[in-house]
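Student: Below is the file work25.tsv, which contains TSV, C-alpha atoms.
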```
chain	number	residue	atom	x	y	z
A	15	MET	CA	10.70	-13.18	-17.09
A	16	LYS	CA	13.38	-10.52	-17.39
A	17	PRO	CA	12.36	-7.12	-16.06
A	18	ARG	CA	11.18	-4.63	-18.61
A	19	GLU	CA	8.97	-1.57	-18.79
A	20	ARG	CA	6.69	-2.66	-21.64
A	21	TYR	CA	5.30	-6.09	-22.45
A	22	THR	CA	2.86	-7.52	-24.99
A	23	SER	CA	1.42	-10.97	-24.49
A	24	LYS	CA	0.97	-13.65	-27.04
A	25	PRO	CA	-2.63	-13.84	-28.25
A	26	ILE	CA	-5.03	-15.04	-25.59
A	27	ASP	CA	-8.46	-16.48	-26.21
A	28	LEU	CA	-11.45	-14.19	-26.17
A	29	PRO	CA	-14.83	-15.37	-24.92
A	30	ALA	CA	-17.36	-16.18	-27.59
A	31	ALA	CA	-19.92	-13.50	-28.26
A	32	ASP	CA	-22.66	-15.75	-26.88
A	33	GLU	CA	-20.69	-16.61	-23.73
A	34	PRO	CA	-22.03	-14.19	-21.12
A	35	PHE	CA	-19.92	-13.14	-18.16
A	36	GLY	CA	-20.53	-10.80	-15.27
A	37	ARG	CA	-16.94	-10.04	-14.40
A	38	ALA	CA	-13.61	-10.38	-16.17
A	39	ASP	CA	-10.30	-10.25	-14.30
A	40	LEU	CA	-6.76	-10.19	-15.59
A	41	GLU	CA	-4.57	-12.01	-13.10
A	42	PHE	CA	-0.80	-11.57	-13.05
A	43	TYR	CA	1.15	-14.28	-11.28
A	44	ASP	CA	4.44	-14.13	-9.39
A	45	VAL	CA	4.65	-10.36	-9.54
A	46	THR	CA	7.67	-9.11	-7.61
A	47	HIS	CA	8.26	-5.64	-6.25
A	48	MET	CA	12.02	-5.25	-6.27
A	49	GLY	CA	12.91	-1.83	-7.53
A	50	PRO	CA	10.92	1.40	-7.80
A	51	SER	CA	7.18	1.96	-7.46
A	52	TYR	CA	5.23	2.05	-10.68
A	53	GLU	CA	1.84	1.96	-12.30
A	54	ALA	CA	1.27	-0.86	-14.78
A	55	ARG	CA	-1.28	0.30	-17.39
A	56	ILE	CA	-3.10	-2.37	-19.33
A	57	PHE	CA	-4.21	-2.01	-22.93
A	58	LEU	CA	-6.22	-4.57	-24.86
A	59	ASN	CA	-5.06	-5.37	-28.37
A	60	ASN	CA	-3.01	-2.20	-28.61
A	61	ASN	CA	0.52	-3.36	-29.29
A	62	LYS	CA	1.72	0.17	-29.87
A	63	ALA	CA	0.77	1.46	-26.44
A	64	HIS	CA	3.64	3.11	-24.62
A	65	ARG	CA	4.25	5.29	-21.61
A	66	GLU	CA	2.73	8.40	-23.21
A	67	THR	CA	-0.36	6.62	-24.55
A	68	PRO	CA	-3.44	8.15	-22.94
A	69	ALA	CA	-5.39	5.87	-20.63
A	70	THR	CA	-8.58	6.20	-22.64
A	71	ILE	CA	-11.28	4.02	-24.13
A	72	ASP	CA	-10.08	4.88	-27.62
A	73	GLU	CA	-6.67	3.43	-26.81
A	74	ARG	CA	-8.38	0.35	-25.30
A	75	TYR	CA	-7.04	1.12	-21.84
A	76	ALA	CA	-8.48	-1.48	-19.47
A	77	GLY	CA	-7.12	-0.58	-16.04
A	78	SER	CA	-3.97	-0.53	-13.96
A	79	PHE	CA	-2.29	-2.21	-11.10
A	80	PHE	CA	0.13	-0.43	-8.81
A	81	ILE	CA	3.32	-1.66	-7.23
A	82	PHE	CA	4.75	-0.23	-4.04
A	83	GLY	CA	8.38	-0.83	-4.82
A	84	HIS	CA	10.83	-2.38	-2.43
A	85	GLY	CA	13.59	-0.05	-3.56
A	86	ILE	CA	17.22	-1.07	-3.21
A	87	CYS	CA	18.18	-4.11	-1.23
A	88	ILE	CA	18.84	-2.90	2.27
A	89	GLY	CA	20.57	-6.03	3.48
A	90	ASP	CA	23.91	-7.60	2.74
A	91	GLU	CA	24.74	-9.82	-0.22
A	92	GLY	CA	22.00	-12.39	-0.81
A	93	HIS	CA	19.40	-10.71	1.41
A	94	CYS	CA	16.90	-10.17	-1.41
A	95	GLU	CA	17.50	-13.52	-3.11
A	96	VAL	CA	14.64	-15.93	-2.59
A	97	PRO	CA	15.71	-19.11	-0.77
A	98	ASP	CA	14.46	-22.55	-1.82
A	99	GLY	CA	11.69	-22.69	0.71
A	100	PRO	CA	10.91	-23.44	4.35
A	101	LEU	CA	13.58	-25.50	5.99
A	102	ASN	CA	11.11	-28.10	7.17
A	103	ALA	CA	7.51	-28.60	8.24
A	104	TYR	CA	8.17	-26.75	11.50
A	105	ASP	CA	9.51	-23.60	9.89
A	106	VAL	CA	6.83	-21.00	10.68
A	107	ARG	CA	8.71	-18.00	9.38
A	108	PRO	CA	6.72	-15.88	6.91
A	109	PRO	CA	7.51	-16.27	3.20
A	110	HIS	CA	10.53	-14.41	1.87
A	111	HIS	CA	9.62	-10.81	1.09
A	112	GLN	CA	10.69	-11.18	-2.55
A	113	ILE	CA	8.55	-14.19	-3.35
A	114	GLY	CA	6.13	-13.26	-6.10
A	115	TYR	CA	2.42	-12.78	-5.52
A	116	ARG	CA	-0.73	-12.27	-7.56
A	117	LYS	CA	-2.13	-8.99	-8.80
A	118	THR	CA	-5.68	-8.81	-10.14
A	119	VAL	CA	-7.23	-6.13	-12.31
A	120	THR	CA	-10.94	-6.19	-13.13
A	121	ILE	CA	-11.41	-5.32	-16.82
A	122	THR	CA	-15.09	-6.23	-17.30
A	123	ASP	CA	-16.24	-3.05	-19.00
A	124	ALA	CA	-13.16	-2.74	-21.21
A	125	LEU	CA	-13.37	-6.36	-22.33
A	126	LYS	CA	-17.07	-6.12	-23.13
A	127	ARG	CA	-16.40	-3.01	-25.19
A	128	VAL	CA	-13.72	-4.63	-27.31
A	129	ILE	CA	-15.55	-7.90	-27.95
A	130	SER	CA	-18.69	-6.04	-28.98
A	131	GLY	CA	-16.75	-3.39	-30.82
A	132	ASP	CA	-13.77	-3.55	-33.13
A	133	LEU	CA	-12.75	-7.05	-32.00
A	134	LYS	CA	-16.17	-8.49	-32.69
A	135	GLY	CA	-15.88	-11.91	-34.27
A	136	ARG	CA	-12.21	-12.27	-33.40
A	137	GLN	CA	-11.07	-15.17	-31.28
A	138	THR	CA	-7.94	-13.76	-29.67
A	139	MET	CA	-6.46	-10.53	-28.45
A	140	THR	CA	-3.16	-9.39	-26.98
A	141	VAL	CA	-2.61	-7.63	-23.70
A	142	THR	CA	0.00	-4.89	-23.50
A	143	ILE	CA	1.28	-3.67	-20.16
A	144	VAL	CA	3.21	-0.45	-19.89
A	145	ALA	CA	5.04	0.39	-16.66
A	146	ASP	CA	5.08	4.06	-15.71
A	147	VAL	CA	7.94	4.29	-13.24
A	148	ARG	CA	7.82	7.21	-10.82
A	149	ASP	CA	10.99	9.01	-9.88
A	150	THR	CA	13.10	7.01	-7.52
A	151	ILE	CA	15.18	8.07	-4.60
A	152	ASP	CA	17.67	5.25	-4.89
A	153	ASN	CA	20.22	4.58	-7.54
A	154	GLN	CA	18.44	1.85	-9.43
A	155	PRO	CA	20.55	-0.25	-11.74
A	156	GLU	CA	18.76	-0.66	-15.06
A	157	GLU	CA	18.59	-4.43	-14.72
A	158	GLN	CA	16.43	-4.03	-11.63
A	159	ARG	CA	13.70	-2.15	-13.46
A	160	VAL	CA	10.49	-3.25	-13.06
A	161	LEU	CA	7.69	-5.27	-14.67
A	162	ARG	CA	8.14	-8.90	-13.64
A	163	PHE	CA	5.61	-11.70	-13.60
A	164	SER	CA	5.54	-15.31	-14.75
A	165	ARG	CA	2.22	-15.36	-16.61
A	166	LEU	CA	-1.12	-13.69	-16.92
A	167	ALA	CA	-4.60	-15.13	-17.20
A	168	LEU	CA	-7.97	-13.81	-18.29
A	169	VAL	CA	-10.54	-15.16	-15.84
A	170	LEU	CA	-14.27	-14.83	-16.41
A	171	PHE	CA	-16.95	-15.08	-13.74
A	172	GLU	CA	-20.70	-15.29	-13.91
B	18	MET	CA	-8.99	17.52	13.09
B	19	THR	CA	-9.40	20.52	15.32
B	20	ALA	CA	-6.59	23.01	15.53
B	21	ARG	CA	-5.83	21.78	19.03
B	22	GLN	CA	-5.68	18.14	17.94
B	23	LEU	CA	-3.33	19.10	15.13
B	24	ASP	CA	-1.17	21.05	17.53
B	25	TRP	CA	-0.97	18.06	19.86
B	26	LEU	CA	-0.02	15.83	16.95
B	27	ARG	CA	2.79	18.17	15.93
B	28	GLN	CA	4.00	18.37	19.50
B	29	ALA	CA	4.02	14.60	19.83
B	30	PHE	CA	5.97	14.13	16.59
B	31	ALA	CA	8.46	16.77	17.64
B	32	GLU	CA	8.91	15.09	21.03
B	33	ILE	CA	9.56	11.60	19.72
B	34	HIS	CA	12.25	12.96	17.43
B	35	ARG	CA	14.35	13.66	20.54
B	36	PHE	CA	15.26	10.02	20.92
B	37	GLY	CA	18.05	8.14	19.20
B	38	LEU	CA	17.92	5.29	16.70
B	39	SER	CA	17.69	2.48	19.20
B	40	ASP	CA	15.40	4.14	21.73
B	41	ASP	CA	12.01	2.45	21.46
B	42	ARG	CA	10.27	5.65	22.49
B	43	GLY	CA	11.53	7.40	19.39
B	44	PHE	CA	10.41	8.12	15.86
B	45	GLN	CA	13.49	6.64	14.22
B	46	TYR	CA	12.99	3.35	16.05
B	47	TRP	CA	9.36	3.03	15.01
B	48	ALA	CA	9.87	4.20	11.44
B	49	GLY	CA	12.76	1.76	11.14
B	50	LEU	CA	10.62	-1.28	11.87
B	51	HIS	CA	8.81	-1.07	8.53
B	52	GLY	CA	11.60	-1.34	5.94
B	53	PHE	CA	15.11	-0.21	6.70
B	54	PRO	CA	16.61	-1.49	8.96
B	55	GLY	CA	13.98	-3.75	10.64
B	56	ASN	CA	12.31	-5.13	7.51
B	57	PHE	CA	9.23	-6.31	9.42
B	58	CYS	CA	6.47	-4.95	7.18
B	59	ALA	CA	3.89	-7.37	5.78
B	60	HIS	CA	3.57	-6.34	2.16
B	61	HIS	CA	2.91	-8.34	-0.97
B	62	ARG	CA	3.13	-11.71	0.66
B	63	PRO	CA	1.94	-14.61	-1.43
B	64	GLY	CA	-0.57	-17.28	-0.65
B	65	ARG	CA	-4.13	-17.40	0.51
B	66	PRO	CA	-5.14	-17.30	3.24
B	67	ALA	CA	-1.89	-15.78	4.27
B	68	PRO	CA	-1.67	-12.04	3.77
B	69	LEU	CA	-1.17	-10.20	7.01
B	70	PHE	CA	-1.08	-6.78	5.40
B	71	LEU	CA	-4.05	-5.34	7.30
B	72	PRO	CA	-3.51	-6.92	10.75
B	73	TRP	CA	0.21	-6.11	10.74
B	74	HIS	CA	-0.31	-2.46	9.88
B	75	ARG	CA	-3.11	-2.14	12.39
B	76	ALA	CA	-0.72	-3.37	15.10
B	77	TYR	CA	1.98	-1.01	13.80
B	78	LEU	CA	-0.34	2.01	14.00
B	79	TYR	CA	-1.54	0.96	17.45
B	80	PHE	CA	1.92	0.80	18.99
B	81	PHE	CA	3.13	3.93	17.22
B	82	GLU	CA	0.14	5.91	18.48
B	83	LEU	CA	0.95	4.73	22.00
B	84	ALA	CA	4.50	6.01	21.54
B	85	LEU	CA	3.09	9.39	20.52
B	86	ALA	CA	0.64	9.44	23.42
B	87	ASP	CA	3.46	8.67	25.86
B	88	GLN	CA	4.87	12.08	24.94
B	89	ARG	CA	1.63	14.01	24.51
B	90	ALA	CA	-1.43	12.62	26.28
B	91	GLY	CA	-4.62	12.61	24.26
B	92	VAL	CA	-2.97	12.65	20.84
B	93	SER	CA	-4.40	10.41	18.13
B	94	LEU	CA	-3.40	9.67	14.56
B	95	PRO	CA	-5.54	11.30	11.87
B	96	TRP	CA	-6.42	9.63	8.60
B	97	TRP	CA	-5.77	11.08	5.18
B	98	ASP	CA	-8.78	10.48	2.94
B	99	TRP	CA	-7.23	10.65	-0.51
B	100	THR	CA	-10.61	10.16	-2.19
B	101	LYS	CA	-12.05	13.44	-0.98
B	102	THR	CA	-12.67	16.30	-3.37
B	103	ARG	CA	-10.55	18.54	-1.18
B	104	THR	CA	-7.55	16.27	-1.58
B	105	ARG	CA	-7.97	16.36	-5.30
B	106	GLY	CA	-7.79	20.12	-5.04
B	107	ASP	CA	-5.04	20.49	-2.44
B	108	GLY	CA	-2.96	17.43	-3.19
B	109	LEU	CA	-1.04	16.63	-0.03
B	110	PRO	CA	-2.92	17.74	3.10
B	111	ARG	CA	-1.77	21.16	4.22
B	112	ALA	CA	-1.24	19.92	7.77
B	113	PHE	CA	1.53	17.73	6.39
B	114	SER	CA	2.87	19.93	3.62
B	115	LEU	CA	3.44	23.32	5.25
B	116	ALA	CA	7.14	23.70	5.84
B	117	ARG	CA	6.69	25.80	8.95
B	118	THR	CA	4.00	26.47	11.48
B	119	GLY	CA	4.51	29.85	13.01
B	120	ARG	CA	8.14	30.00	14.06
B	121	SER	CA	8.64	26.26	14.18
B	122	THR	CA	9.48	23.66	11.60
B	123	ASN	CA	6.41	21.55	10.87
B	124	SER	CA	7.20	18.16	12.39
B	125	LEU	CA	4.68	16.59	10.00
B	126	ALA	CA	6.37	17.83	6.84
B	127	GLY	CA	9.27	15.41	6.86
B	128	ALA	CA	11.96	13.68	8.88
B	129	GLY	CA	15.50	12.44	8.77
B	130	VAL	CA	15.95	8.86	7.57
B	131	ALA	CA	17.94	6.80	10.05
B	132	PRO	CA	20.65	9.43	10.44
B	133	GLY	CA	24.04	7.94	11.05
B	134	HIS	CA	22.86	4.35	10.84
B	135	PRO	CA	25.93	2.23	10.08
B	136	ALA	CA	24.10	-0.05	7.64
B	137	LYS	CA	22.78	2.65	5.32
B	138	ARG	CA	23.80	2.04	1.73
B	139	PRO	CA	25.28	4.76	-0.48
B	140	GLY	CA	22.48	6.52	-2.28
B	141	SER	CA	19.99	5.99	0.54
B	142	PRO	CA	18.08	9.14	1.39
B	143	ALA	CA	19.18	11.35	4.26
B	144	HIS	CA	15.77	12.98	4.61
B	145	THR	CA	12.26	12.24	3.43
B	146	GLU	CA	11.09	13.85	0.22
B	147	ARG	CA	7.85	13.79	-1.75
B	148	ARG	CA	7.21	14.02	-5.47
B	149	PRO	CA	3.42	13.92	-5.75
B	150	GLY	CA	1.86	12.98	-9.03
B	151	PRO	CA	-1.15	14.49	-10.82
B	152	ARG	CA	-4.06	14.81	-8.42
B	153	ALA	CA	-6.38	13.04	-10.82
B	154	SER	CA	-4.24	9.94	-10.34
B	155	LEU	CA	-5.30	9.46	-6.75
B	156	PRO	CA	-7.74	6.64	-5.97
B	157	THR	CA	-11.41	7.53	-6.14
B	158	GLY	CA	-14.40	6.78	-4.00
B	159	SER	CA	-15.44	4.27	-6.66
B	160	ASP	CA	-12.15	2.44	-6.29
B	161	LEU	CA	-12.79	2.13	-2.56
B	162	GLU	CA	-16.37	1.03	-3.05
B	163	ASP	CA	-15.21	-1.67	-5.43
B	164	ALA	CA	-12.87	-3.02	-2.76
B	165	LEU	CA	-15.43	-2.63	0.05
B	166	GLY	CA	-17.97	-4.57	-1.96
B	167	ARG	CA	-15.82	-7.71	-1.93
B	168	SER	CA	-17.26	-10.10	0.61
B	169	ASP	CA	-14.20	-12.35	0.67
B	170	PHE	CA	-11.74	-10.78	3.10
B	171	TYR	CA	-8.63	-11.77	1.18
B	172	ASP	CA	-10.09	-10.46	-2.06
B	173	PHE	CA	-10.91	-7.21	-0.27
B	174	SER	CA	-7.41	-7.09	1.28
B	175	GLU	CA	-5.76	-7.63	-2.08
B	176	ARG	CA	-7.82	-4.83	-3.67
B	177	LEU	CA	-7.18	-2.47	-0.79
B	178	GLU	CA	-3.46	-3.21	-0.84
B	179	GLY	CA	-3.47	-2.24	-4.51
B	180	ILE	CA	-5.11	1.09	-3.67
B	181	HIS	CA	-2.59	1.50	-0.87
B	182	ASP	CA	0.26	0.89	-3.33
B	183	GLN	CA	-1.21	3.49	-5.65
B	184	VAL	CA	-1.05	6.20	-2.99
B	185	HIS	CA	2.50	5.32	-2.03
B	186	GLY	CA	3.49	5.67	-5.65
B	187	TRP	CA	1.50	8.90	-6.00
B	188	VAL	CA	3.29	10.62	-3.11
B	189	GLY	CA	6.55	9.32	-4.53
B	190	GLY	CA	9.99	10.04	-3.15
B	191	THR	CA	10.62	8.17	0.08
B	192	MET	CA	6.94	7.19	0.31
B	193	GLY	CA	7.49	5.32	-2.94
B	194	SER	CA	9.93	2.88	-1.38
B	195	VAL	CA	9.04	0.13	1.10
B	196	ALA	CA	12.46	0.57	2.67
B	197	PHE	CA	11.98	4.23	3.69
B	198	ALA	CA	8.26	5.06	3.47
B	199	ALA	CA	7.55	4.99	7.22
B	200	TYR	CA	10.02	7.81	7.85
B	201	ASP	CA	7.60	10.20	6.16
B	202	PRO	CA	5.02	11.44	8.70
B	203	ILE	CA	2.30	11.21	6.09
B	204	PHE	CA	2.82	7.44	6.01
B	205	TRP	CA	0.95	7.22	9.31
B	206	ALA	CA	-2.04	9.22	8.10
B	207	HIS	CA	-2.14	7.16	4.90
B	208	HIS	CA	-2.14	3.90	6.84
B	209	ALA	CA	-4.72	5.21	9.28
B	210	MET	CA	-7.00	5.62	6.24
B	211	ILE	CA	-6.24	2.07	5.11
B	212	ASP	CA	-7.02	0.82	8.61
B	213	ARG	CA	-10.22	2.83	8.65
B	214	VAL	CA	-11.33	1.23	5.38
B	215	TRP	CA	-10.82	-2.18	6.97
B	216	ARG	CA	-12.97	-1.04	9.89
B	217	ILE	CA	-15.68	0.07	7.45
B	218	TRP	CA	-15.49	-3.31	5.67
B	219	GLN	CA	-15.89	-5.06	9.02
B	220	GLN	CA	-18.98	-3.01	9.81
B	221	ARG	CA	-20.53	-3.59	6.38
B	222	HIS	CA	-19.93	-7.31	6.25
B	223	GLY	CA	-20.39	-8.09	9.92
B	224	ARG	CA	-17.15	-10.04	10.11
B	225	PHE	CA	-13.63	-9.41	11.34
B	226	GLY	CA	-11.85	-10.71	8.27
B	227	PRO	CA	-9.06	-13.27	8.33
B	228	SER	CA	-9.85	-16.96	8.44
B	229	ARG	CA	-9.41	-19.01	11.58
B	230	GLU	CA	-6.12	-20.52	10.54
B	231	ASP	CA	-4.56	-17.06	10.64
B	232	TYR	CA	-5.86	-16.12	14.08
B	233	ASP	CA	-2.82	-17.20	16.05
B	234	LYS	CA	-0.17	-15.90	13.69
B	235	ALA	CA	2.30	-13.58	15.33
B	236	LEU	CA	2.71	-10.03	14.10
B	237	ALA	CA	6.41	-9.62	14.68
B	238	PRO	CA	7.90	-7.59	16.24
B	239	PHE	CA	4.74	-6.58	18.11
B	240	ALA	CA	3.42	-8.37	21.16
B	241	MET	CA	0.25	-9.14	19.28
B	242	ARG	CA	-1.40	-11.92	17.29
B	243	VAL	CA	-3.68	-11.48	14.30
B	244	GLU	CA	-6.81	-12.18	16.34
B	245	GLN	CA	-5.98	-9.35	18.73
B	246	THR	CA	-6.32	-6.84	15.89
B	247	PHE	CA	-9.87	-7.77	14.95
B	248	ASP	CA	-11.80	-5.32	17.08
B	249	VAL	CA	-10.54	-1.73	17.11
B	250	GLN	CA	-12.77	-0.90	20.05
B	251	ARG	CA	-11.05	-3.54	22.13
B	252	MET	CA	-7.78	-1.90	21.09
B	253	GLY	CA	-9.10	1.36	22.51
B	254	TYR	CA	-10.04	3.33	19.43
B	255	ASP	CA	-12.52	3.82	16.64
B	256	TYR	CA	-12.90	6.08	13.64
B	257	ALA	CA	-15.01	9.09	14.44
B	258	LEU	CA	-16.17	11.62	11.90
B	259	SER	CA	-15.44	14.38	14.38
B	260	THR	CA	-14.70	14.97	18.02
B	261	SER	CA	-15.10	18.09	20.08
B	262	HIS	CA	-13.25	18.85	23.26
B	263	ALA	CA	-14.19	20.92	26.24
B	264	ASP	CA	-12.05	21.81	29.18
B	265	ALA	CA	-13.10	20.67	32.63
B	266	PRO	CA	-14.66	23.41	34.72
B	267	SER	CA	-12.09	25.21	36.82
B	268	ARG	CA	-12.41	24.79	40.58
```
Would you mind writing the file out in structure tokens?
Tutor:
Amino acid sequence: MKPRERYTSKPIDLPAADEPFGRADLEFYDVTHMGPSYEARIFLNNNKAHRETPATIDERYAGSFFIFGHGICIGDEGHCEVPDGPLNAYDVRPPHHQIGYRKTVTITDALKRVISGDLKGRQTMTVTIVADVRDTIDNQPEEQRVLRFSRLALVLFE
Amino acid sequence: MTARQLDWLRQAFAEIHRFGLSDDRGFQYWAGLHGFPGNFCAHHRPGRPAPLFLPWHRAYLYFFELALADQRAGVSLPWWDWTKTRTRGDGLPRAFSLARTGRSTNSLAGAGVAPGHPAKRPGSPAHTERRPGPRASLPTGSDLEDALGRSDFYDFSERLEGIHDQVHGWVGGTMGSVAFAAYDPIFWAHHAMIDRVWRIWQQRHGRFGPSREDYDKALAPFAMRVEQTFDVQRMGYDYALSTSHADAPSR
């Protein structure tokens, strides 16, 4: 996924009204932290949300995750490019620092509000993520800005 | 902290700034292990059970505090509780934000960033700087309680690392970059708070944390394995609400 500062998902399935859940998490996979630090604000079924949109219930704000940015690459050419993997079964080096990881945001209350409120009876919703990038101290080329992940998932627990 | 403890801390920071980039007694050496140029920090690593975020930073704090204590006996790192009401009023702690203390530059207010290092890229900062965000954007006690309530250590660690990221981004400037964050003196107080929260989790859940398959993992570049970070008391410290000092009676 190319880096961007605002993203709206395709429609994802909502739980049925009679399908109780105790906790709902949004999981973001293969998140990388190259570039500046930022807050990723999550809005449910609000495709028009942008950086200035208030993080309020009315705007269907659901929560945020935060990225502590790597900043510029401090090594030589290729340093921040992810290699193919461990050399062999005996390679005990830690994973490359730019390999993606998972971020989880619990959105239980926000999801329950929308499925009992103005999304009642609907079967899908979209998820919009807006990245609020703080000032940076490095010279960040535009193509290195920010929001990168491979997919997201809505996970419900009892 | 008492005024005397704060004074000792400032003295210790001022002392370790005397040493050059490669001197392992010095601030630049220790700050440089995190991002630039050492690149040893354990952040955002994938996999489960794999994340060494908490054990690695505990080892980092431990050895850095020893470096400070080598210069000023009795010094200890404070923690910055960013959930406290006072922080939400003051923003950055005054101990770290005052530019001067009396006639001296406040050694906790900032530092040079690897001055003269041959591998610094154009555009890299010469000195730490901070650009704090709105105080209401700091993590809350509820955020911490949500993390502390997670009984699975890796779930807790992931949540706490997210809160940790939030504070780095809130301070902004050099604290907002993995590469240069450790050059800011407030980095150490921030991570002492993170370490303290792990200690609180350990006390609440009656467990150390990482699973057995992580016990023997090395925490490079420190002479320490994951298992050796489990018990802060065996590392010679704990998190006290307050301490009071008294001089020995004169002879």
Student: Dump as a VMD selection string the residues of chain B that approach chain A to within 8 Å, counting all atoms listed in the file.
Tutor: chain B and resid 53 to 54 60 to 64 137 to 138 140 to 142 148 175 to 176 179 to 180 182 to 183 185 to 186 189 to 191 193 to 196
Student: Dump as a list in words all residues having an atom at most 8 Å from (18.5, 9.4, 6.7), computed in the file's coordinates with all atoms listed in the file.
Tutor: Gly129, Val130, Ala131, Pro132, Gly133, His134, Ser141, Pro142, Ala143, His144 and Thr145 of chain B
Student: Extract, using all atoms listed in the file, all DNA, RNA and protein residues at most 8 Å from stretch 63-73 of chain A, discarding same-chain residues fewer than 3 positions from it, and format them as a tab-separated table (two decimals) with C-alpha atoms, in the frame of the given file.
Tutor:
```
chain	number	residue	atom	x	y	z
A	20	ARG	CA	6.69	-2.66	-21.64
A	55	ARG	CA	-1.28	0.30	-17.39
A	57	PHE	CA	-4.21	-2.01	-22.93
A	60	ASN	CA	-3.01	-2.20	-28.61
A	76	ALA	CA	-8.48	-1.48	-19.47
A	124	ALA	CA	-13.16	-2.74	-21.21
A	142	THR	CA	0.00	-4.89	-23.50
A	144	VAL	CA	3.21	-0.45	-19.89
A	145	ALA	CA	5.04	0.39	-16.66
A	146	ASP	CA	5.08	4.06	-15.71
```
Student: Fewer than 2 positions away in the same chain doesn't count, so skip those; otherwise give me all residues within 7 Å of A:Arg165, counting all atoms listed in the file, as a list in words.
Tutor: Phe42, Tyr43, Phe163 and Ala167 of chain A
Student: Could you check how far atom CA of B:Phe30 sits from atom CA of B:Ser154, in Å to one decimal?
Tutor: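 According to the coordinates, atom CA of B:Phe30 and atom CA of B:Ser154 are separated by 29.1 Å.
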Student: When distances are computed from only C-alpha atoms, which of A:Ile143, A:Leu133, A:Ala38, A:Leu101 shows the smallest separation from A:Glu172?
Tutor: A:Ala38
Student: I'd like the interatomic distance between atom CA of A:Leu170 and atom CA of B:Ser174, to a tenth of an Å.
Tutor: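 Atom-to-atom, atom CA of A:Leu170 and atom CA of B:Ser174 are spaced 20.5 Å apart.
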Student: Considering all atoms listed in the file, return as JSON, numbers by chain whatever protein or nucleic-acid residues lie within 9 Å of B:Glu82, sequence-local ones (same chain, fewer than 4 positions apart) excluded.
Tutor: {"B": [77, 78, 86, 87, 92, 93, 94]}
Student: Hey, can you check how far atom CA of B:Leu177 sits from atom CA of B:Thr100?
Tutor: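 Separation of atom CA of B:Leu177 and atom CA of B:Thr100: 13.2 Å.
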